[in-house]
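**Student:** Quick one: the structure is below, and I'll ask about it shortly.
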4 protein chains.
Amino acid sequence: MLNVGVIGTGMIGQDHIRRMTQVLSGVKVVAVTDVNSGIAAEVGARVYAAVHASGEDVIADPAVDAVVVCSWGPSHEQYVLASIAAGKPVFCEKPLATTQQAGLRIVEAEAAHGSRLVQVGFMRRYDAAYRALKQVADSGDIGTPLMMHCAHRNPIVPDDYSKESAVVDTAVHEIDMVRWMFGQEIAAARVLIPRKSRNGGDLQDPLLLLLETADGVLVDVEISVNIRYGYDIRGEIVGENGTAALGEQSPISVRRKGRLTTSVPADWRERFILAYDTEFQEWINSIADGGRPVGPSAWDGYVASAIAEQIAAGLAESHATTLKYPSRPSLYD
Amino acid sequence: MLNVGVIGTGMIGQDHIRRMTQVLSGVKVVAVTDVNSGIAAEVGARVYAAVHASGEDVIADPAVDAVVVCSWGPSHEQYVLASIAAGKPVFCEKPLATTQQAGLRIVEAEAAHGSRLVQVGFMRRYDAAYRALKQVADSGDIGTPLMMHCAHRNPIVPDDYSKESAVVDTAVHEIDMVRWMFGQEIAAARVLIPRKSRNGGDLQDPLLLLLETADGVLVDVEISVNIRYGYDIRGEIVGENGTAALGEQSPISVRRKGRLTTSVPADWRERFILAYDTEFQEWINSIADGGRPVGPSAWDGYVASAIAEQIAAGLAESHATTLKYPSRPSLYD
Amino acid sequence: MLNVGVIGTGMIGQDHIRRMTQVLSGVKVVAVTDVNSGIAAEVGARVYAAVHASGEDVIADPAVDAVVVCSWGPSHEQYVLASIAAGKPVFCEKPLATTQQAGLRIVEAEAAHGSRLVQVGFMRRYDAAYRALKQVADSGDIGTPLMMHCAHRNPIVPDDYSKESAVVDTAVHEIDMVRWMFGQEIAAARVLIPRKSRNGGDLQDPLLLLLETADGVLVDVEISVNIRYGYDIRGEIVGENGTAALGEQSPISVRRKGRLTTSVPADWRERFILAYDTEFQEWINSIADGGRPVGPSAWDGYVASAIAEQIAAGLAESHATTLKYPSRPSLYD
Amino acid sequence: MLNVGVIGTGMIGQDHIRRMTQVLSGVKVVAVTDVNSGIAAEVGARVYAAVHASGEDVIADPAVDAVVVCSWGPSHEQYVLASIAAGKPVFCEKPLATTQQAGLRIVEAEAAHGSRLVQVGFMRRYDAAYRALKQVADSGDIGTPLMMHCAHRNPIVPDDYSKESAVVDTAVHEIDMVRWMFGQEIAAARVLIPRKSRNGGDLQDPLLLLLETADGVLVDVEISVNIRYGYDIRGEIVGENGTAALGEQSPISVRRKGRLTTSVPADWRERFILAYDTEFQEWINSIADGGRPVGPSAWDGYVASAIAEQIAAGLAESHATTLKYPSRPSLYD
């Protein structure tokens, strides 16, 4: 039984606590903390866990075998570094850190420690459909991969969501997925700016990201964060001889009022709930009995954020060539 | 933490032990037994559970809160009755009993006990797709249900599989599903005999079952047990104004060699693995802290088997009307 | 250029005239007639065709190479017999005749003539999807066919539609399709009566027909004539090693408001418009230059109607076996 | 009856002659010619058409009402200009002309003539699926269109196919389709170079084109010309509130050997055969009785080619921004 301490008992922290106490095997939540001590007390009482005053206290608690960090992004560095210092495995929700420098400090601390302790919460690597996609890509059945078409669609984001968030918080999942899918670093990028949706007010939405892996696979990623109709994650790998795509996975189909309909997930929780379960169960299994994490590493977390930041900083903005032709004769109006 | 004793550590017993020790939450396997004491010892050692000489000893073990029966079908009655006598919750894999009389004895013993202890392993009620189907049927979105079309296809069965097995072991899942889906008893049935597949030697395969609920919903069920291409479970409810069907759920689609392909499950484990997980987790949750099971009851187990037996006994064989017309003039040869 | 005379210029007659004058190649409508002489005059003027007082006059017109009969069903026999007497090819919309005796008289007249002149309007044999299905069935790719599941769904029928019409006018298309698909006579049949839809008032709707070919293929056919949601024709052949089914053929798919939707045809015209075009073009091609028709014959028309009539006459009504079990203990309420 | 003269009786010319003589209504092929006089004679004899020594003779033939140009691309200008000079409607297969200057000369000649005579063979505008897509885009059901994702996949091209051909001959169809779909000019473009397929030898294949309409709709187009698995045309419009995509249109689906499969078209003929039929029938209908063509105009042909040429000339090649990060610590190897 792995005894876990959870830092941060907000929405995502509570969901992971539910997962560890009601869904998964071989794990127990023994300590919690939150900047909001009232919520921490309430959640702790519910699962019979000790309630600590700070993340550092959770990490220091001798009953805690491993740490889960779900606190506010800017605090991630501090708790991950403290966990490394304590020699305890730590699962850190993305982002690993909010600046490239902070990410690098974690990477360097862990490298100095000499073995892996950190895992970052990129849950797509645990999704059954992405895993089946990778299996086909790796099998050679469609030939060598040359391109990938992706779409990441959110029904709605808060009013204060920015173009930078669309890259750093949303597209970062595709950035990690591409690195994992093709086993290659992303070497270059572009951002293209389509016509703007009115759903997001001043926000430039959607975006089209173009990523190139070191060996030349070209990946286009539509980022739409206010598309209303649902949460839709699409991906198709184009190989030399065929393609492989994420499937439609509606449990049922309904024929009604002139239409055959299947459902689209309402939000990311619905789409990735099983991926989160698998991610945590595999993490728990890997570190039980003193093992080391094998999932997304601090390096993966750092690089994904570094790429996202460079893209968000406008370094990759791409300009098209204007085409020329004479004006149209009135005959053709 | 619910402490469970498992009677029968064959293939299905081992799978449920894996589930309870590696996948699910709030449960521990504390005792096992099997007619093959070597296997019981091996499995018990692996999960640190006591190994007992008999099912009765498992049930009597004070450390055991609840019993899971996965032994040979004819022994189910004995262990379920002993569990009821001991006042312990018991999860019994289907069939609940192998004769109608045995099933009825269990029902009567539990009724005499005065509260529910028994749950029967009809996992389809826990399948996400069937649950979504029931939700649409109940919602009225397609009008009142009038018919249902089902297919239950197995790639292959052992040589000694009989026409009776195709009803009692295979179709029994549709029989329970129909009772649950429509909240109605099955009042009448027919069996029709199509052209015989050569894949099964002398076995009459496929069969077409026709079930009628008490309120007139007509359900046709294709039973094909040697259809080779995969394990395929289909279902479409026909309402007054529309239909709802189990979806295709392939995680990915592949375009290759002139075809767009998705995958069909290879066997029942692949198709229903999540349903089994949900079934057990909900059972565990329901009886933790002294609660009572709310899943398929001894009555459900008894009735499904009683229906299957009556059908298998040939009571429902249906004969078609022969059509008449003159012989065909040679002009039309 | 084949010169055609059309008897009957109602809805279906006008549609075939449109087809022959605006869509197909190698055909000209040179003469028309209708019991409503005003409509005949109007339609004739539109396509520059002679307007005759009677069907017999159309048949006798020396400018007419071939006859298309789209008049009221009970008049079909008379015009088909007259065409045979005149030695002219005749395309007769279904039904070939409204009684078995009438159909047999046509068959005997054509047999006496000694070569084929008659083709009956079973357009499904010309539908690209049914043809692709037959190709797979014949190829052996799915093994020998053993069963077929069909559904024939109409959104709405007139108030005076009867249970007999549901067989004679609606299911007759499946009856012919099955004979053609498997190259076998239908030897036996059953009719089953599901719960009744309230959409049709007193009409028993839906029905489940069960047809058996001479070599044992068992075909179930759902007939739903008031199902509102659309016109939907489904079919899946179950072979020894696999199945083949009519596809979903929506030109586009739309993601909107939480749903992925494709469209269902609104009516039979939309579903089968290309099949009608192919049917007529192949008929025209077959009889141009003095050739003989190769499509559905008078025998096919007669047999399909004879089967439908016997089913509609109640000869095939099937009764289920009532199942027995004791009443449910109150514990399980 | 429209009397047509066909210039060029090669593969595509013969296919259009088959279409006009065996499939469509209201048209007759009365004259043909080809640089290979033997083929012209053979084809002409088959359809009872006069065989002329030159395209100019076909155009001058008083029996010819309208001209179809299917000859070698570089000769298109000459025959289209001659048809305009003769005041006869002319259907010109794409490309309208092989240089921008030639295209412009046609546009100017037709503008000088003062009314439309020329139609260019962009058949996608007549495809039922693209038309349904445009209907949804125009309806507002998915909100204002913002992006479109396209793929144009060919199984194989001849060895001498060049990167320029991939734009000028292949992508030109998407260029025209986008202009028609959104009713907007294409204002800017980029070309991106993915990893190269080994199927095409030295050929850079695939390409990713990025087109921007005047009002900002961003269109990505995958061009794969040697992808082996089939001929596959994909398109999805992304609106503010939803998306609409070309459907999968396989007539049947087959379940066999662990897979559910539908078919992908083998080549462009299979995919667009009905679009060609509709294109020609609508063209015939539009110019019968002295009418004017309403399909893709000389301007459309000129602009599509002008855009394709500018892209092929490398004006739009796009360069990505290289991303930077430190080298990976060996811990993460």
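Here, A, B, ... name the chains of the structure tokens in the order displayed, residue numbers run from 1 inside each chain, and ligands are numbered from 1 in the same displayed order.
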Using only C-alpha atoms, tabulate the residues of chain A lying at most 12 Å from any atom of chain C, each with its closest atom pair and that distance in Å to one decimal, by chain and increasing residue number, as a tab-separated table.
**Tutor:**
residue	atom	partner	partner_atom	distance
A:Arg153	CA	C:Arg255	CA	11.5
A:Asn154	CA	C:Gly258	CA	11.5
A:Pro155	CA	C:Gly258	CA	9.3
A:Ile227	CA	C:Arg256	CA	9.3
A:Arg228	CA	C:Lys257	CA	7.1
A:Tyr229	CA	C:Lys257	CA	4.3
A:Gly230	CA	C:Gly258	CA	5.2
A:Tyr231	CA	C:Gly258	CA	8.4
A:Asp232	CA	C:Arg255	CA	9.6
A:Glu248	CA	C:Leu260	CA	9.3
A:Gln249	CA	C:Leu260	CA	10.9
A:Ser250	CA	C:Leu260	CA	9.3
A:Ile252	CA	C:Arg259	CA	11.6
A:Ser253	CA	C:Thr261	CA	9.5
A:Val254	CA	C:Thr261	CA	9.4
A:Arg255	CA	C:Tyr229	CA	6.8
A:Arg256	CA	C:Tyr229	CA	4.9
A:Lys257	CA	C:Tyr229	CA	4.3
A:Gly258	CA	C:Tyr229	CA	4.9
A:Arg259	CA	C:Ser263	CA	4.6
A:Leu260	CA	C:Thr262	CA	5.2
A:Thr261	CA	C:Thr261	CA	4.3
A:Thr262	CA	C:Leu260	CA	5.2
A:Ser263	CA	C:Arg259	CA	4.5
A:Val264	CA	C:Gly258	CA	5.2
A:Pro265	CA	C:Gly258	CA	7.2
A:Ala266	CA	C:Gly258	CA	6.7
A:Asp267	CA	C:Gly258	CA	10.1
**Student:** Next, the residues of the selection above should be written as a JSON list (two decimals), in the first residue's frame with N, CA, C and O atoms.
**Tutor:**
[["chain", "number", "residue", "atom", "x", "y", "z"],
["A", 153, "ARG", "N", -10.01, 20.81, -29.32],
["A", 153, "ARG", "CA", -11.16, 21.72, -29.27],
["A", 153, "ARG", "C", -11.80, 21.71, -27.90],
["A", 153, "ARG", "O", -12.17, 20.66, -27.39],
["A", 154, "ASN", "N", -11.93, 22.88, -27.35],
["A", 154, "ASN", "CA", -12.60, 23.11, -26.07],
["A", 154, "ASN", "C", -13.91, 23.84, -26.31],
["A", 154, "ASN", "O", -13.94, 24.78, -27.10],
["A", 155, "PRO", "N", -14.95, 23.48, -25.59],
["A", 155, "PRO", "CA", -16.21, 24.20, -25.81],
["A", 155, "PRO", "C", -16.16, 25.66, -25.35],
["A", 155, "PRO", "O", -16.75, 26.53, -25.98],
["A", 227, "ILE", "N", -15.24, 26.54, -29.04],
["A", 227, "ILE", "CA", -15.99, 26.07, -30.20],
["A", 227, "ILE", "C", -17.36, 25.50, -29.83],
["A", 227, "ILE", "O", -18.12, 25.02, -30.66],
["A", 228, "ARG", "N", -17.70, 25.60, -28.57],
["A", 228, "ARG", "CA", -19.07, 25.35, -28.09],
["A", 228, "ARG", "C", -19.55, 23.91, -28.21],
["A", 228, "ARG", "O", -20.13, 23.37, -27.26],
["A", 229, "TYR", "N", -19.37, 23.25, -29.36],
["A", 229, "TYR", "CA", -20.10, 21.98, -29.57],
["A", 229, "TYR", "C", -19.65, 20.85, -28.69],
["A", 229, "TYR", "O", -20.36, 19.85, -28.52],
["A", 230, "GLY", "N", -18.43, 20.95, -28.12],
["A", 230, "GLY", "CA", -17.98, 19.87, -27.26],
["A", 230, "GLY", "C", -16.48, 19.86, -27.12],
["A", 230, "GLY", "O", -15.78, 20.76, -27.64],
["A", 231, "TYR", "N", -15.98, 18.87, -26.39],
["A", 231, "TYR", "CA", -14.54, 18.71, -26.20],
["A", 231, "TYR", "C", -14.11, 17.61, -27.15],
["A", 231, "TYR", "O", -14.52, 16.45, -27.01],
["A", 232, "ASP", "N", -13.30, 17.97, -28.12],
["A", 232, "ASP", "CA", -13.03, 17.03, -29.21],
["A", 232, "ASP", "C", -11.54, 17.01, -29.49],
["A", 232, "ASP", "O", -10.94, 18.03, -29.81],
["A", 248, "GLU", "N", -13.82, 7.50, -33.36],
["A", 248, "GLU", "CA", -15.00, 8.04, -32.70],
["A", 248, "GLU", "C", -15.40, 7.01, -31.66],
["A", 248, "GLU", "O", -15.49, 5.83, -31.98],
["A", 249, "GLN", "N", -15.67, 7.41, -30.44],
["A", 249, "GLN", "CA", -15.89, 6.41, -29.41],
["A", 249, "GLN", "C", -17.21, 6.54, -28.67],
["A", 249, "GLN", "O", -17.30, 6.22, -27.50],
["A", 250, "SER", "N", -18.21, 7.00, -29.37],
["A", 250, "SER", "CA", -19.49, 7.13, -28.70],
["A", 250, "SER", "C", -20.02, 5.75, -28.31],
["A", 250, "SER", "O", -20.03, 4.84, -29.12],
["A", 252, "ILE", "N", -23.02, 4.78, -27.86],
["A", 252, "ILE", "CA", -24.22, 4.39, -28.61],
["A", 252, "ILE", "C", -24.44, 5.36, -29.76],
["A", 252, "ILE", "O", -23.84, 6.44, -29.83],
["A", 253, "SER", "N", -25.31, 4.96, -30.68],
["A", 253, "SER", "CA", -25.76, 5.85, -31.75],
["A", 253, "SER", "C", -27.27, 5.90, -31.74],
["A", 253, "SER", "O", -27.93, 4.90, -31.45],
["A", 254, "VAL", "N", -27.81, 7.07, -32.03],
["A", 254, "VAL", "CA", -29.26, 7.27, -31.96],
["A", 254, "VAL", "C", -29.76, 7.78, -33.31],
["A", 254, "VAL", "O", -29.16, 8.66, -33.91],
["A", 255, "ARG", "N", -30.85, 7.18, -33.79],
["A", 255, "ARG", "CA", -31.49, 7.63, -35.03],
["A", 255, "ARG", "C", -32.79, 8.33, -34.64],
["A", 255, "ARG", "O", -33.68, 7.71, -34.07],
["A", 256, "ARG", "N", -32.86, 9.59, -34.97],
["A", 256, "ARG", "CA", -33.96, 10.39, -34.46],
["A", 256, "ARG", "C", -34.07, 11.66, -35.30],
["A", 256, "ARG", "O", -33.06, 12.29, -35.61],
["A", 257, "LYS", "N", -35.29, 12.02, -35.66],
["A", 257, "LYS", "CA", -35.55, 13.28, -36.36],
["A", 257, "LYS", "C", -34.63, 13.51, -37.56],
["A", 257, "LYS", "O", -34.00, 14.57, -37.67],
["A", 258, "GLY", "N", -34.53, 12.51, -38.41],
["A", 258, "GLY", "CA", -33.77, 12.68, -39.65],
["A", 258, "GLY", "C", -32.27, 12.59, -39.52],
["A", 258, "GLY", "O", -31.55, 12.81, -40.48],
["A", 259, "ARG", "N", -31.80, 12.24, -38.32],
["A", 259, "ARG", "CA", -30.36, 12.24, -38.09],
["A", 259, "ARG", "C", -29.91, 10.95, -37.39],
["A", 259, "ARG", "O", -30.62, 10.44, -36.53],
["A", 260, "LEU", "N", -28.74, 10.49, -37.77],
["A", 260, "LEU", "CA", -28.03, 9.46, -37.02],
["A", 260, "LEU", "C", -26.98, 10.20, -36.19],
["A", 260, "LEU", "O", -26.13, 10.89, -36.75],
["A", 261, "THR", "N", -27.08, 10.10, -34.87],
["A", 261, "THR", "CA", -26.19, 10.90, -34.04],
["A", 261, "THR", "C", -25.41, 10.05, -33.05],
["A", 261, "THR", "O", -25.90, 9.06, -32.53],
["A", 262, "THR", "N", -24.17, 10.46, -32.84],
["A", 262, "THR", "CA", -23.38, 9.93, -31.75],
["A", 262, "THR", "C", -22.97, 11.13, -30.91],
["A", 262, "THR", "O", -23.14, 12.27, -31.33],
["A", 263, "SER", "N", -22.44, 10.87, -29.72],
["A", 263, "SER", "CA", -22.16, 12.00, -28.85],
["A", 263, "SER", "C", -20.68, 12.37, -28.87],
["A", 263, "SER", "O", -19.82, 11.54, -29.15],
["A", 264, "VAL", "N", -20.40, 13.61, -28.59],
["A", 264, "VAL", "CA", -19.05, 14.16, -28.44],
["A", 264, "VAL", "C", -18.86, 14.42, -26.94],
["A", 264, "VAL", "O", -19.80, 14.87, -26.29],
["A", 265, "PRO", "N", -17.67, 14.14, -26.38],
["A", 265, "PRO", "CA", -17.49, 14.40, -24.95],
["A", 265, "PRO", "C", -17.80, 15.87, -24.61],
["A", 265, "PRO", "O", -17.54, 16.76, -25.41],
["A", 266, "ALA", "N", -18.35, 16.08, -23.43],
["A", 266, "ALA", "CA", -18.70, 17.43, -23.00],
["A", 266, "ALA", "C", -17.47, 18.21, -22.54],
["A", 266, "ALA", "O", -17.38, 19.42, -22.72],
["A", 267, "ASP", "N", -16.51, 17.51, -21.93],
["A", 267, "ASP", "CA", -15.33, 18.21, -21.43],
["A", 267, "ASP", "C", -14.16, 17.23, -21.29],
["A", 267, "ASP", "O", -14.30, 16.04, -21.55]]
**Student:** Extract the full set of strand (DSSP E or B) residues from region 134-289 of chain B according to DSSP on the backbone, and format it as a PyMOL selection string.
**Tutor:** chain B and resi 145-153+186-192+207-213+218-224+232-239+242-246+252-256+259-263
**Student:** Find the spatial neighbours of Asp15 (chain A), counting only C-alpha atoms, within a cut-off of 12 Å - ignore same-chain residues fewer than 3 positions away - and output them as a PyMOL selection string.
**Tutor:** chain A and resi 6+8-12+18-23+43+68+70+269+273+276-277+280
**Student:** Which residues are near Ser297 (chain C)? Cut-off 9 Å, only C-alpha atoms, ignore same chain within fewer than 5 positions. Put them as a list in words.
**Tutor:**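 That gives Tyr332 of chain B; Val107, Arg116, Leu117, Val118, Gln119, Val120 and Tyr302 of chain C.
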**Student:** Just write the chosen residues, all heavy atoms, as a PDB file, in the first residue's frame.
**Tutor:**
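Below is the file part.pdb, written as the result:
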ATOM      1  N   TYR B 332     -38.029 -19.047 -67.457  1.00  0.00           N
ATOM      2  CA  TYR B 332     -37.395 -18.226 -66.416  1.00  0.00           C
ATOM      3  C   TYR B 332     -36.187 -18.899 -65.776  1.00  0.00           C
ATOM      4  O   TYR B 332     -35.693 -18.440 -64.750  1.00  0.00           O
ATOM      5  CB  TYR B 332     -38.437 -17.858 -65.365  1.00  0.00           C
ATOM      6  CG  TYR B 332     -39.618 -17.118 -65.952  1.00  0.00           C
ATOM      7  CD1 TYR B 332     -40.836 -17.746 -66.141  1.00  0.00           C
ATOM      8  CD2 TYR B 332     -39.485 -15.799 -66.379  1.00  0.00           C
ATOM      9  CE1 TYR B 332     -41.913 -17.084 -66.708  1.00  0.00           C
ATOM     10  CE2 TYR B 332     -40.555 -15.130 -66.948  1.00  0.00           C
ATOM     11  CZ  TYR B 332     -41.765 -15.772 -67.109  1.00  0.00           C
ATOM     12  OH  TYR B 332     -42.808 -15.109 -67.671  1.00  0.00           O
TER      13      TYR B 332
ATOM     14  N   VAL C 107     -47.538 -14.632 -66.530  1.00  0.00           N
ATOM     15  CA  VAL C 107     -46.441 -15.588 -66.682  1.00  0.00           C
ATOM     16  C   VAL C 107     -46.752 -16.573 -67.820  1.00  0.00           C
ATOM     17  O   VAL C 107     -45.907 -16.849 -68.683  1.00  0.00           O
ATOM     18  CB  VAL C 107     -46.207 -16.332 -65.348  1.00  0.00           C
ATOM     19  CG1 VAL C 107     -45.430 -17.614 -65.560  1.00  0.00           C
ATOM     20  CG2 VAL C 107     -45.492 -15.414 -64.364  1.00  0.00           C
ATOM     21  N   ARG C 116     -38.688 -13.480 -73.317  1.00  0.00           N
ATOM     22  CA  ARG C 116     -39.018 -12.457 -72.331  1.00  0.00           C
ATOM     23  C   ARG C 116     -39.360 -11.122 -72.973  1.00  0.00           C
ATOM     24  O   ARG C 116     -38.644 -10.622 -73.832  1.00  0.00           O
ATOM     25  CB  ARG C 116     -37.846 -12.250 -71.368  1.00  0.00           C
ATOM     26  CG  ARG C 116     -37.734 -13.368 -70.330  1.00  0.00           C
ATOM     27  CD  ARG C 116     -36.851 -12.926 -69.184  1.00  0.00           C
ATOM     28  NE  ARG C 116     -37.374 -11.668 -68.625  1.00  0.00           N
ATOM     29  CZ  ARG C 116     -36.758 -10.951 -67.711  1.00  0.00           C
ATOM     30  NH1 ARG C 116     -35.585 -11.363 -67.247  1.00  0.00           N
ATOM     31  NH2 ARG C 116     -37.282  -9.823 -67.264  1.00  0.00           N
ATOM     32  N   LEU C 117     -40.430 -10.528 -72.480  1.00  0.00           N
ATOM     33  CA  LEU C 117     -40.803  -9.155 -72.852  1.00  0.00           C
ATOM     34  C   LEU C 117     -40.987  -8.280 -71.609  1.00  0.00           C
ATOM     35  O   LEU C 117     -40.875  -7.072 -71.679  1.00  0.00           O
ATOM     36  CB  LEU C 117     -42.128  -9.174 -73.646  1.00  0.00           C
ATOM     37  CG  LEU C 117     -42.049  -9.729 -75.071  1.00  0.00           C
ATOM     38  CD1 LEU C 117     -43.452  -9.883 -75.658  1.00  0.00           C
ATOM     39  CD2 LEU C 117     -41.202  -8.808 -75.967  1.00  0.00           C
ATOM     40  N   VAL C 118     -41.287  -8.914 -70.494  1.00  0.00           N
ATOM     41  CA  VAL C 118     -41.724  -8.190 -69.299  1.00  0.00           C
ATOM     42  C   VAL C 118     -40.565  -7.961 -68.326  1.00  0.00           C
ATOM     43  O   VAL C 118     -39.770  -8.874 -68.080  1.00  0.00           O
ATOM     44  CB  VAL C 118     -42.826  -8.993 -68.567  1.00  0.00           C
ATOM     45  CG1 VAL C 118     -43.331  -8.227 -67.337  1.00  0.00           C
ATOM     46  CG2 VAL C 118     -43.975  -9.326 -69.512  1.00  0.00           C
ATOM     47  N   GLN C 119     -40.483  -6.752 -67.784  1.00  0.00           N
ATOM     48  CA  GLN C 119     -39.591  -6.492 -66.645  1.00  0.00           C
ATOM     49  C   GLN C 119     -40.402  -5.798 -65.565  1.00  0.00           C
ATOM     50  O   GLN C 119     -41.217  -4.924 -65.856  1.00  0.00           O
ATOM     51  CB  GLN C 119     -38.388  -5.634 -67.050  1.00  0.00           C
ATOM     52  CG  GLN C 119     -37.456  -5.355 -65.868  1.00  0.00           C
ATOM     53  CD  GLN C 119     -36.070  -4.891 -66.275  1.00  0.00           C
ATOM     54  OE1 GLN C 119     -35.545  -5.303 -67.314  1.00  0.00           O
ATOM     55  NE2 GLN C 119     -35.469  -4.040 -65.463  1.00  0.00           N
ATOM     56  N   VAL C 120     -40.150  -6.201 -64.300  1.00  0.00           N
ATOM     57  CA  VAL C 120     -40.916  -5.649 -63.179  1.00  0.00           C
ATOM     58  C   VAL C 120     -40.019  -4.706 -62.369  1.00  0.00           C
ATOM     59  O   VAL C 120     -38.823  -4.944 -62.225  1.00  0.00           O
ATOM     60  CB  VAL C 120     -41.471  -6.779 -62.291  1.00  0.00           C
ATOM     61  CG1 VAL C 120     -42.266  -6.219 -61.117  1.00  0.00           C
ATOM     62  CG2 VAL C 120     -42.339  -7.706 -63.119  1.00  0.00           C
ATOM     63  N   TYR C 302     -44.473 -12.237 -60.142  1.00  0.00           N
ATOM     64  CA  TYR C 302     -45.532 -13.115 -59.675  1.00  0.00           C
ATOM     65  C   TYR C 302     -45.183 -13.753 -58.326  1.00  0.00           C
ATOM     66  O   TYR C 302     -45.986 -13.734 -57.385  1.00  0.00           O
ATOM     67  CB  TYR C 302     -45.814 -14.199 -60.725  1.00  0.00           C
ATOM     68  CG  TYR C 302     -46.517 -15.384 -60.132  1.00  0.00           C
ATOM     69  CD1 TYR C 302     -47.827 -15.273 -59.654  1.00  0.00           C
ATOM     70  CD2 TYR C 302     -45.859 -16.605 -59.995  1.00  0.00           C
ATOM     71  CE1 TYR C 302     -48.463 -16.352 -59.069  1.00  0.00           C
ATOM     72  CE2 TYR C 302     -46.493 -17.686 -59.408  1.00  0.00           C
ATOM     73  CZ  TYR C 302     -47.797 -17.561 -58.936  1.00  0.00           C
ATOM     74  OH  TYR C 302     -48.409 -18.609 -58.338  1.00  0.00           O
TER      75      TYR C 302
END
**Student:** Got a sec: who's within 12 Å of Gln101 (chain D), counting only C-alpha atoms, leaving out chain neighbours fewer than 2 positions off, as a VMD selection string?
**Tutor:** (chain A and resid 325 to 326) or (chain D and resid 77 96 to 99 103 to 108 302 to 303 305 to 306 309)
**Student:** Looking only at the backbone, which of the residues in region 65-117 of chain B does DSSP tag as alpha helix (DSSP H), as a VMD selection string?
**Tutor:** chain B and resid 76 to 86 100 to 113
**Student:** Please identify all polymer residues within 10 Å of Met147 (chain B), counting only C-alpha atoms, omitting same-chain residues fewer than 6 positions from it, and present them as a PyMOL selection string.
**Tutor:** (chain B and resi 211-213+216-220+236-240+243) or (chain C and resi 193-196+206-208+222)
**Student:** Contacts of Met123 (chain B) at 7 Å or less, counting only C-alpha atoms, minus same-chain residues fewer than 4 places along, as a PyMOL selection string?
**Tutor:** chain B and resi 127+275-276+279
**Student:** Could you tell me how far CA of Phe91 (chain C) lies from CA of Gln310 (chain C), in Å and to one decimal?
**Tutor:** 25.0 Å
**Student:** Rounded to one decimal place, report the CA of Lys163 (chain A)-CA of Glu185 (chain D) distance in Å.
**Tutor:** 27.5 Å
